[in-house]
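J.: File name final.tsv; file contents TSV, N, CA and C atoms; full text below.
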```tsv
chain	number	residue	atom	x	y	z
A	1	VAL	N	-10.33	-13.04	-34.68
A	1	VAL	CA	-10.26	-11.60	-34.86
A	1	VAL	C	-9.02	-11.06	-34.18
A	2	GLN	N	-8.30	-10.19	-34.88
A	2	GLN	CA	-7.12	-9.54	-34.31
A	2	GLN	C	-7.24	-8.04	-34.48
A	3	LEU	N	-6.80	-7.31	-33.45
A	3	LEU	CA	-6.72	-5.86	-33.52
A	3	LEU	C	-5.24	-5.48	-33.49
A	4	GLN	N	-4.80	-4.77	-34.50
A	4	GLN	CA	-3.40	-4.38	-34.60
A	4	GLN	C	-3.31	-2.88	-34.40
A	5	ALA	N	-2.73	-2.49	-33.26
A	5	ALA	CA	-2.56	-1.07	-32.95
A	5	ALA	C	-1.18	-0.61	-33.40
A	6	SER	N	-1.11	0.62	-33.88
A	6	SER	CA	0.17	1.18	-34.31
A	6	SER	C	0.12	2.70	-34.17
A	7	GLY	N	1.30	3.31	-34.29
A	7	GLY	CA	1.38	4.77	-34.30
A	7	GLY	C	1.95	5.39	-33.06
A	8	GLY	N	2.24	4.60	-32.04
A	8	GLY	CA	2.82	5.17	-30.84
A	8	GLY	C	4.26	5.61	-31.07
A	9	GLY	N	4.81	6.28	-30.07
A	9	GLY	CA	6.19	6.74	-30.18
A	9	GLY	C	6.52	7.73	-29.10
A	10	VAL	N	7.64	8.39	-29.30
A	10	VAL	CA	8.10	9.41	-28.36
A	10	VAL	C	7.94	10.78	-29.01
A	11	VAL	N	7.34	11.69	-28.27
A	11	VAL	CA	7.10	13.03	-28.81
A	11	VAL	C	7.28	14.05	-27.69
A	12	GLN	N	7.65	15.25	-28.06
A	12	GLN	CA	7.79	16.31	-27.05
A	12	GLN	C	6.41	16.87	-26.70
A	13	ALA	N	6.32	17.43	-25.53
A	13	ALA	CA	5.08	18.07	-25.10
A	13	ALA	C	4.64	19.10	-26.13
A	14	GLY	N	3.35	19.09	-26.42
A	14	GLY	CA	2.81	19.97	-27.44
A	14	GLY	C	2.74	19.35	-28.82
A	15	GLY	N	3.37	18.20	-28.97
A	15	GLY	CA	3.37	17.52	-30.26
A	15	GLY	C	2.13	16.70	-30.50
A	16	SER	N	2.15	15.97	-31.62
A	16	SER	CA	0.99	15.19	-32.04
A	16	SER	C	1.42	13.78	-32.44
A	17	LEU	N	0.48	12.87	-32.28
A	17	LEU	CA	0.62	11.50	-32.77
A	17	LEU	C	-0.73	11.03	-33.25
A	18	ARG	N	-0.71	10.08	-34.18
A	18	ARG	CA	-1.95	9.48	-34.66
A	18	ARG	C	-1.86	7.97	-34.50
A	19	LEU	N	-2.75	7.42	-33.71
A	19	LEU	CA	-2.81	5.98	-33.51
A	19	LEU	C	-3.82	5.37	-34.47
A	20	SER	N	-3.51	4.16	-34.90
A	20	SER	CA	-4.43	3.41	-35.76
A	20	SER	C	-4.66	2.04	-35.14
A	21	CYS	N	-5.85	1.51	-35.35
A	21	CYS	CA	-6.19	0.17	-34.88
A	21	CYS	C	-6.97	-0.52	-35.99
A	22	ALA	N	-6.34	-1.51	-36.59
A	22	ALA	CA	-6.95	-2.22	-37.70
A	22	ALA	C	-7.41	-3.60	-37.25
A	23	ALA	N	-8.66	-3.90	-37.51
A	23	ALA	CA	-9.23	-5.20	-37.16
A	23	ALA	C	-9.23	-6.12	-38.37
A	24	SER	N	-8.90	-7.38	-38.12
A	24	SER	CA	-8.89	-8.36	-39.21
A	24	SER	C	-9.46	-9.68	-38.71
A	25	GLY	N	-9.89	-10.50	-39.63
A	25	GLY	CA	-10.45	-11.79	-39.26
A	25	GLY	C	-11.89	-11.90	-39.70
A	26	SER	N	-12.62	-12.78	-39.03
A	26	SER	CA	-14.01	-13.03	-39.37
A	26	SER	C	-14.89	-11.96	-38.72
A	27	ILE	N	-15.15	-10.91	-39.47
A	27	ILE	CA	-15.87	-9.76	-38.92
A	27	ILE	C	-17.10	-9.46	-39.78
A	28	SER	N	-18.26	-9.43	-39.14
A	28	SER	CA	-19.44	-8.97	-39.86
A	28	SER	C	-19.54	-7.46	-39.78
A	29	SER	N	-19.34	-6.94	-38.59
A	29	SER	CA	-19.32	-5.50	-38.40
A	29	SER	C	-18.68	-5.19	-37.05
A	30	ILE	N	-18.26	-3.95	-36.90
A	30	ILE	CA	-17.71	-3.49	-35.62
A	30	ILE	C	-18.68	-2.48	-35.04
A	31	ASN	N	-19.10	-2.72	-33.82
A	31	ASN	CA	-20.00	-1.80	-33.15
A	31	ASN	C	-19.17	-0.68	-32.52
A	32	THR	N	-19.33	-0.43	-31.26
A	32	THR	CA	-18.55	0.60	-30.61
A	32	THR	C	-17.08	0.18	-30.51
A	33	ALA	N	-16.20	1.12	-30.77
A	33	ALA	CA	-14.76	0.88	-30.64
A	33	ALA	C	-14.17	2.02	-29.83
A	34	GLY	N	-13.02	1.75	-29.24
A	34	GLY	CA	-12.46	2.81	-28.40
A	34	GLY	C	-10.99	2.62	-28.12
A	35	TRP	N	-10.43	3.64	-27.51
A	35	TRP	CA	-9.04	3.63	-27.07
A	35	TRP	C	-9.01	3.78	-25.56
A	36	TYR	N	-8.19	2.97	-24.92
A	36	TYR	CA	-7.94	3.04	-23.50
A	36	TYR	C	-6.45	3.27	-23.30
A	37	ARG	N	-6.09	3.68	-22.10
A	37	ARG	CA	-4.67	3.81	-21.80
A	37	ARG	C	-4.41	3.38	-20.36
A	38	GLN	N	-3.17	2.97	-20.15
A	38	GLN	CA	-2.76	2.54	-18.81
A	38	GLN	C	-1.34	3.01	-18.57
A	39	ALA	N	-1.20	3.87	-17.57
A	39	ALA	CA	0.12	4.34	-17.15
A	39	ALA	C	0.60	3.45	-16.01
A	40	PRO	N	1.91	3.37	-15.78
A	40	PRO	CA	2.44	2.53	-14.70
A	40	PRO	C	1.80	2.88	-13.36
A	41	GLY	N	1.31	1.86	-12.68
A	41	GLY	CA	0.70	2.06	-11.37
A	41	GLY	C	-0.74	2.52	-11.40
A	42	ASN	N	-1.26	2.73	-12.59
A	42	ASN	CA	-2.64	3.20	-12.73
A	42	ASN	C	-3.52	2.13	-13.36
A	43	GLN	N	-4.82	2.28	-13.17
A	43	GLN	CA	-5.76	1.39	-13.83
A	43	GLN	C	-5.95	1.82	-15.28
A	44	ARG	N	-6.38	0.87	-16.07
A	44	ARG	CA	-6.69	1.20	-17.46
A	44	ARG	C	-7.91	2.10	-17.49
A	45	GLU	N	-7.83	3.16	-18.30
A	45	GLU	CA	-8.93	4.11	-18.36
A	45	GLU	C	-9.35	4.37	-19.80
A	46	LEU	N	-10.62	4.70	-19.96
A	46	LEU	CA	-11.13	5.02	-21.28
A	46	LEU	C	-10.65	6.40	-21.70
A	47	VAL	N	-10.13	6.48	-22.91
A	47	VAL	CA	-9.70	7.75	-23.47
A	47	VAL	C	-10.79	8.31	-24.38
A	48	ALA	N	-11.24	7.48	-25.31
A	48	ALA	CA	-12.27	7.91	-26.25
A	48	ALA	C	-12.92	6.67	-26.85
A	49	SER	N	-14.18	6.83	-27.22
A	49	SER	CA	-14.89	5.75	-27.90
A	49	SER	C	-15.73	6.34	-29.02
A	50	ILE	N	-16.14	5.48	-29.94
A	50	ILE	CA	-16.94	5.95	-31.07
A	50	ILE	C	-17.91	4.85	-31.47
A	51	THR	N	-19.16	5.23	-31.68
A	51	THR	CA	-20.16	4.25	-32.10
A	51	THR	C	-20.01	3.97	-33.59
A	52	ARG	N	-20.73	2.97	-34.05
A	52	ARG	CA	-20.66	2.63	-35.47
A	52	ARG	C	-21.13	3.80	-36.33
A	53	ASP	N	-22.07	4.56	-35.81
A	53	ASP	CA	-22.58	5.72	-36.55
A	53	ASP	C	-21.65	6.93	-36.48
A	54	GLY	N	-20.58	6.82	-35.70
A	54	GLY	CA	-19.61	7.90	-35.65
A	54	GLY	C	-19.77	8.88	-34.51
A	55	ASN	N	-20.57	8.55	-33.52
A	55	ASN	CA	-20.74	9.44	-32.37
A	55	ASN	C	-19.62	9.21	-31.37
A	56	PRO	N	-18.84	10.25	-31.09
A	56	PRO	CA	-17.70	10.08	-30.19
A	56	PRO	C	-18.02	10.40	-28.73
A	57	ASN	N	-17.16	9.88	-27.88
A	57	ASN	CA	-17.23	10.16	-26.46
A	57	ASN	C	-15.79	10.27	-25.96
A	58	TYR	N	-15.51	11.29	-25.14
A	58	TYR	CA	-14.14	11.54	-24.70
A	58	TYR	C	-14.04	11.65	-23.18
A	59	ALA	N	-12.92	11.22	-22.66
A	59	ALA	CA	-12.60	11.51	-21.27
A	59	ALA	C	-12.37	13.01	-21.14
A	60	ASP	N	-12.73	13.56	-20.00
A	60	ASP	CA	-12.58	15.01	-19.80
A	60	ASP	C	-11.13	15.45	-20.01
A	61	SER	N	-10.19	14.60	-19.66
A	61	SER	CA	-8.78	14.97	-19.71
A	61	SER	C	-8.25	15.15	-21.13
A	62	VAL	N	-8.98	14.64	-22.12
A	62	VAL	CA	-8.48	14.73	-23.51
A	62	VAL	C	-9.41	15.52	-24.42
A	63	LYS	N	-10.54	15.95	-23.89
A	63	LYS	CA	-11.46	16.73	-24.73
A	63	LYS	C	-10.75	17.93	-25.30
A	64	ASP	N	-11.05	18.27	-26.52
A	64	ASP	CA	-10.49	19.41	-27.25
A	64	ASP	C	-9.05	19.19	-27.67
A	65	ARG	N	-8.46	18.06	-27.32
A	65	ARG	CA	-7.09	17.75	-27.76
A	65	ARG	C	-7.02	16.49	-28.63
A	66	PHE	N	-7.85	15.51	-28.32
A	66	PHE	CA	-7.87	14.25	-29.04
A	66	PHE	C	-9.12	14.15	-29.89
A	67	SER	N	-8.99	13.40	-30.99
A	67	SER	CA	-10.14	13.18	-31.87
A	67	SER	C	-10.15	11.74	-32.34
A	68	ILE	N	-11.27	11.06	-32.13
A	68	ILE	CA	-11.41	9.67	-32.55
A	68	ILE	C	-12.24	9.62	-33.82
A	69	SER	N	-11.85	8.72	-34.72
A	69	SER	CA	-12.60	8.56	-35.97
A	69	SER	C	-12.50	7.10	-36.41
A	70	ARG	N	-13.26	6.74	-37.42
A	70	ARG	CA	-13.24	5.36	-37.88
A	70	ARG	C	-13.53	5.30	-39.36
A	71	ASP	N	-13.05	4.23	-39.97
A	71	ASP	CA	-13.33	3.93	-41.36
A	71	ASP	C	-13.94	2.54	-41.37
A	72	ASN	N	-15.24	2.46	-41.47
A	72	ASN	CA	-15.93	1.17	-41.39
A	72	ASN	C	-15.56	0.24	-42.54
A	73	ALA	N	-15.26	0.80	-43.69
A	73	ALA	CA	-14.89	-0.03	-44.83
A	73	ALA	C	-13.56	-0.73	-44.60
A	74	LYS	N	-12.70	-0.09	-43.82
A	74	LYS	CA	-11.38	-0.66	-43.54
A	74	LYS	C	-11.31	-1.32	-42.17
A	75	ASN	N	-12.41	-1.31	-41.43
A	75	ASN	CA	-12.42	-1.86	-40.05
A	75	ASN	C	-11.28	-1.26	-39.23
A	76	THR	N	-11.13	0.04	-39.32
A	76	THR	CA	-10.02	0.72	-38.66
A	76	THR	C	-10.53	1.91	-37.86
A	77	VAL	N	-9.94	2.08	-36.68
A	77	VAL	CA	-10.27	3.20	-35.81
A	77	VAL	C	-8.99	4.01	-35.58
A	78	TYR	N	-9.13	5.32	-35.54
A	78	TYR	CA	-7.99	6.21	-35.38
A	78	TYR	C	-8.15	7.07	-34.14
A	79	LEU	N	-7.02	7.48	-33.60
A	79	LEU	CA	-7.02	8.45	-32.50
A	79	LEU	C	-5.98	9.51	-32.82
A	80	GLN	N	-6.43	10.69	-33.16
A	80	GLN	CA	-5.53	11.82	-33.41
A	80	GLN	C	-5.31	12.53	-32.09
A	81	MET	N	-4.06	12.61	-31.68
A	81	MET	CA	-3.73	13.20	-30.39
A	81	MET	C	-2.89	14.46	-30.63
A	82	ASN	N	-3.42	15.59	-30.25
A	82	ASN	CA	-2.74	16.87	-30.40
A	82	ASN	C	-2.45	17.47	-29.03
A	83	SER	N	-1.57	18.44	-29.01
A	83	SER	CA	-1.22	19.15	-27.77
A	83	SER	C	-0.93	18.16	-26.65
A	84	LEU	N	-0.10	17.19	-26.95
A	84	LEU	CA	0.19	16.13	-25.99
A	84	LEU	C	0.91	16.68	-24.76
A	85	LYS	N	0.60	16.07	-23.63
A	85	LYS	CA	1.18	16.46	-22.35
A	85	LYS	C	1.92	15.26	-21.75
A	86	PRO	N	2.88	15.51	-20.88
A	86	PRO	CA	3.59	14.38	-20.24
A	86	PRO	C	2.63	13.41	-19.55
A	87	GLU	N	1.53	13.91	-19.02
A	87	GLU	CA	0.58	13.02	-18.34
A	87	GLU	C	-0.20	12.13	-19.30
A	88	ASP	N	-0.03	12.34	-20.61
A	88	ASP	CA	-0.64	11.43	-21.59
A	88	ASP	C	0.22	10.19	-21.81
A	89	THR	N	1.41	10.16	-21.22
A	89	THR	CA	2.29	9.01	-21.36
A	89	THR	C	1.64	7.76	-20.79
A	90	ALA	N	1.55	6.72	-21.62
A	90	ALA	CA	0.89	5.48	-21.22
A	90	ALA	C	0.99	4.48	-22.37
A	91	VAL	N	0.60	3.26	-22.09
A	91	VAL	CA	0.36	2.29	-23.15
A	91	VAL	C	-1.09	2.44	-23.57
A	92	TYR	N	-1.30	2.63	-24.86
A	92	TYR	CA	-2.64	2.82	-25.40
A	92	TYR	C	-3.13	1.52	-26.05
A	93	TYR	N	-4.34	1.14	-25.68
A	93	TYR	CA	-4.94	-0.09	-26.17
A	93	TYR	C	-6.22	0.24	-26.94
A	94	CYS	N	-6.41	-0.44	-28.05
A	94	CYS	CA	-7.69	-0.29	-28.73
A	94	CYS	C	-8.60	-1.45	-28.36
A	95	ASN	N	-9.86	-1.17	-28.40
A	95	ASN	CA	-10.90	-2.14	-28.05
A	95	ASN	C	-12.01	-2.03	-29.06
A	96	ALA	N	-12.58	-3.16	-29.42
A	96	ALA	CA	-13.69	-3.13	-30.37
A	96	ALA	C	-14.70	-4.21	-30.03
A	97	ASN	N	-15.96	-3.86	-30.13
A	97	ASN	CA	-17.04	-4.82	-29.97
A	97	ASN	C	-17.37	-5.33	-31.38
A	98	VAL	N	-17.03	-6.59	-31.61
A	98	VAL	CA	-17.09	-7.14	-32.97
A	98	VAL	C	-18.27	-8.10	-33.10
A	99	ARG	N	-19.05	-7.86	-34.12
A	99	ARG	CA	-20.14	-8.78	-34.44
A	99	ARG	C	-19.64	-9.79	-35.48
A	100	GLN	N	-19.74	-11.05	-35.11
A	100	GLN	CA	-19.40	-12.11	-36.06
A	100	GLN	C	-20.69	-12.78	-36.50
A	101	LEU	N	-20.61	-13.91	-37.14
A	101	LEU	CA	-21.80	-14.51	-37.75
A	101	LEU	C	-22.87	-14.84	-36.72
A	102	PHE	N	-22.47	-15.44	-35.60
A	102	PHE	CA	-23.45	-15.86	-34.60
A	102	PHE	C	-23.17	-15.29	-33.22
A	103	SER	N	-22.27	-14.34	-33.12
A	103	SER	CA	-21.92	-13.86	-31.79
A	103	SER	C	-21.44	-12.42	-31.85
A	104	ARG	N	-21.26	-11.86	-30.68
A	104	ARG	CA	-20.70	-10.52	-30.54
A	104	ARG	C	-19.76	-10.56	-29.34
A	105	LYS	N	-18.56	-9.98	-29.51
A	105	LYS	CA	-17.54	-10.13	-28.47
A	105	LYS	C	-16.60	-8.94	-28.49
A	106	ASP	N	-16.07	-8.60	-27.33
A	106	ASP	CA	-15.06	-7.55	-27.22
A	106	ASP	C	-13.67	-8.11	-27.48
A	107	TYR	N	-12.88	-7.37	-28.23
A	107	TYR	CA	-11.50	-7.73	-28.50
A	107	TYR	C	-10.59	-6.55	-28.14
A	108	TRP	N	-9.33	-6.90	-27.79
A	108	TRP	CA	-8.34	-5.91	-27.43
A	108	TRP	C	-7.13	-6.02	-28.34
A	109	GLY	N	-6.54	-4.86	-28.67
A	109	GLY	CA	-5.27	-4.84	-29.36
A	109	GLY	C	-4.12	-5.05	-28.39
A	110	GLN	N	-2.91	-5.10	-28.92
A	110	GLN	CA	-1.75	-5.46	-28.11
A	110	GLN	C	-1.17	-4.28	-27.34
A	111	GLY	N	-1.60	-3.08	-27.64
A	111	GLY	CA	-1.06	-1.91	-26.95
A	111	GLY	C	0.08	-1.27	-27.71
A	112	THR	N	0.12	0.05	-27.66
A	112	THR	CA	1.22	0.80	-28.27
A	112	THR	C	1.65	1.89	-27.31
A	113	GLN	N	2.95	2.01	-27.12
A	113	GLN	CA	3.48	2.95	-26.11
A	113	GLN	C	3.50	4.37	-26.65
A	114	VAL	N	2.98	5.29	-25.86
A	114	VAL	CA	3.07	6.72	-26.15
A	114	VAL	C	3.85	7.36	-25.01
A	115	THR	N	4.93	8.03	-25.35
A	115	THR	CA	5.75	8.71	-24.36
A	115	THR	C	5.86	10.18	-24.73
A	116	VAL	N	5.47	11.05	-23.82
A	116	VAL	CA	5.52	12.49	-24.05
A	116	VAL	C	6.55	13.08	-23.10
A	117	SER	N	7.59	13.66	-23.67
A	117	SER	CA	8.65	14.24	-22.85
A	117	SER	C	8.38	15.72	-22.61
A	118	SER	N	8.82	16.19	-21.46
A	118	SER	CA	8.58	17.60	-21.10
A	118	SER	C	9.71	18.49	-21.57
```
Kindly transcribe the structure held in the file into structure tokens.
T.:
Amino acid sequence: VQLQASGGGVVQAGGSLRLSCAASGSISSINTAGWYRQAPGNQRELVASITRDGNPNYADSVKDRFSISRDNAKNTVYLQMNSLKPEDTAVYYCNANVRQLFSRKDYWGQGTQVTVSS
């Protein structure tokens, strides 16, 4: 199983970006999936997660600005980021709990850089 994250870039404060995370490989289904981020010198933190049924959960710092969604048919999770702030600058990683034929396991994407300039 591979998770391919994309959509990062450089944007001015107040701008928007949309991240995508596409899962491929031997997948029966994807349970909870989420986005994490890690800024230099900081620990990796949860940004948002979404259950298979579509119930989202957000970090307080991104509520009302970010929106997580998923397309189960495409095994893809999205993170729409609006009203970006310089403190949102980080490497963003996607994570997914993947059910395979006889097992269930967490996988991580490779990370995509988001830089917000002031």
J.: What lies within 8 Å of Ala23 in chain A using all atoms listed in the file, ignoring chain neighbours under 4 positions off, as an mmCIF file with N, CA and C atoms, in the coordinates of the input?
T.:
```
data_model
loop_
_atom_site.group_PDB
_atom_site.id
_atom_site.type_symbol
_atom_site.label_atom_id
_atom_site.label_comp_id
_atom_site.auth_asym_id
_atom_site.auth_seq_id
_atom_site.Cartn_x
_atom_site.Cartn_y
_atom_site.Cartn_z
ATOM 1 N N VAL A 1 -10.330 -13.040 -34.680
ATOM 2 C CA VAL A 1 -10.260 -11.600 -34.860
ATOM 3 C C VAL A 1 -9.020 -11.060 -34.180
ATOM 4 N N GLN A 2 -8.300 -10.190 -34.880
ATOM 5 C CA GLN A 2 -7.120 -9.540 -34.310
ATOM 6 C C GLN A 2 -7.240 -8.040 -34.480
ATOM 7 N N LEU A 3 -6.800 -7.310 -33.450
ATOM 8 C CA LEU A 3 -6.720 -5.860 -33.520
ATOM 9 C C LEU A 3 -5.240 -5.480 -33.490
ATOM 10 N N GLN A 4 -4.800 -4.770 -34.500
ATOM 11 C CA GLN A 4 -3.400 -4.380 -34.600
ATOM 12 C C GLN A 4 -3.310 -2.880 -34.400
ATOM 13 N N ALA A 5 -2.730 -2.490 -33.260
ATOM 14 C CA ALA A 5 -2.560 -1.070 -32.950
ATOM 15 C C ALA A 5 -1.180 -0.610 -33.400
ATOM 16 N N ILE A 27 -15.150 -10.910 -39.470
ATOM 17 C CA ILE A 27 -15.870 -9.760 -38.920
ATOM 18 C C ILE A 27 -17.100 -9.460 -39.780
ATOM 19 N N LYS A 74 -12.700 -0.090 -43.820
ATOM 20 C CA LYS A 74 -11.380 -0.660 -43.540
ATOM 21 C C LYS A 74 -11.310 -1.320 -42.170
ATOM 22 N N ASN A 75 -12.410 -1.310 -41.430
ATOM 23 C CA ASN A 75 -12.420 -1.860 -40.050
ATOM 24 C C ASN A 75 -11.280 -1.260 -39.230
ATOM 25 N N THR A 76 -11.130 0.040 -39.320
ATOM 26 C CA THR A 76 -10.020 0.720 -38.660
ATOM 27 C C THR A 76 -10.530 1.910 -37.860
ATOM 28 N N VAL A 77 -9.940 2.080 -36.680
ATOM 29 C CA VAL A 77 -10.270 3.200 -35.810
ATOM 30 C C VAL A 77 -8.990 4.010 -35.580
#
```
J.: Which neighbours of Leu17 in chain A fall inside 6.5 Å, counting all atoms listed in the file, when residues of the same chain fewer than 5 positions from it are skipped, and could you give them as a count of residues only?
T.: 5
J.: Check the DSSP output for the backbone and give back, as a PyMOL selection string, the residues of chain A in helix (DSSP H, G or I).
T.: chain A and resi 72-74+86-88
J.: Let me make sure I understand: among A:Arg70, A:Arg37, A:Lys105, A:Arg52, which one has the smallest atom-to-atom distance to Asp88 in chain A if we use only C-alpha atoms?
T.: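 Answer, going by the shortest atom-to-atom distance: A:Arg37.
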J.: Could you give me the residues within chain A that DSSP places in strand (DSSP E or B), as a ChimeraX atom specification?
T.: /A:2-6,9-12,17-24,29-38,45-50,56-58,66-71,76-81,90-99,104-108,112-117
J.: Find, counting all atoms listed in the file, the residue in A:Gly8, A:Thr51, A:Gly109, A:Tyr58 that gets nearest to Ala96 in chain A.
T.: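 That would be A:Gly109, the residue with the smallest distance to Ala96 in chain A.
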J.: If we count only C-alpha atoms, what is near Ser117 in chain A at a cut-off of 8 Å, once residues fewer than 3 positions away on the same chain are taken out, given as a VMD selection string?
T.: chain A and resid 10 to 13 85 to 86
J.: Determine the nearest neighbour of Asn95 in chain A from the options A:Gly15, A:Ser26, A:Ala33, A:Phe66, counting all atoms listed in the file.
T.: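 Among A:Gly15, A:Ser26, A:Ala33, A:Phe66, it is A:Ala33 that comes nearest to Asn95 in chain A.
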J.: Step by step, gather every atom of range 52-71 of chain A that the file lists, find the box along x, y and z that holds them, add 8 Å on each side, and finally give centre and edge lengths in Å to one decimal, as JSON.
T.:
```
{"center_x": -14.8, "center_y": 11.0, "center_z": -30.5, "size_x": 31.6, "size_y": 32.9, "size_z": 37.7}
```
J.: Rank A:Ser69, A:Ser49, A:Ser24, A:Asn97 by their smallest atom-to-atom distance to Tyr36 in chain A, using only N, CA and C atoms, and report the top residue only.
T.: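 The closest residue to Tyr36 in chain A is A:Ser49.
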J.: Check the smallest atom-to-atom distance from each of A:Ala39, A:Cys94, A:Val62, A:Leu84 to Asp106 in chain A using only C-alpha atoms, then report the winner.
T.: A:Cys94
J.: For atom N of Ser67 in chain A and atom N of Glu45 in chain A, quote the distance in Å rounded to one decimal.
T.: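 Separation between atom N of Ser67 in chain A and atom N of Glu45 in chain A: 16.3 Å.
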J.: Show which residues sit within 6 Å of Ile50 in chain A, as a list in words. Count only C-alpha atoms, and ignore same-chain residues fewer than 4 positions away.
T.: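 Contacts, with the query itself left out: Thr32, Ala33, Gly54, Asn55 and Pro56 of chain A.
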J.: Pick out the closest residue to Ser118 in chain A from this set: A:Arg104, A:Gly9, A:Gly14, A:Leu46. Count only N, CA and C atoms.
T.: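 The shortest atom-to-atom distance to Ser118 in chain A comes from A:Gly14.
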J.: Between CA of Asn72 in chain A and CA of Val91 in chain A, what is the distance in Å, rounded to a tenth?
T.: 24.5 Å
J.: What's the separation between atom C of Ile68 in chain A and atom C of Arg18 in chain A, in Å to one decimal place?
T.: 10.5 Å
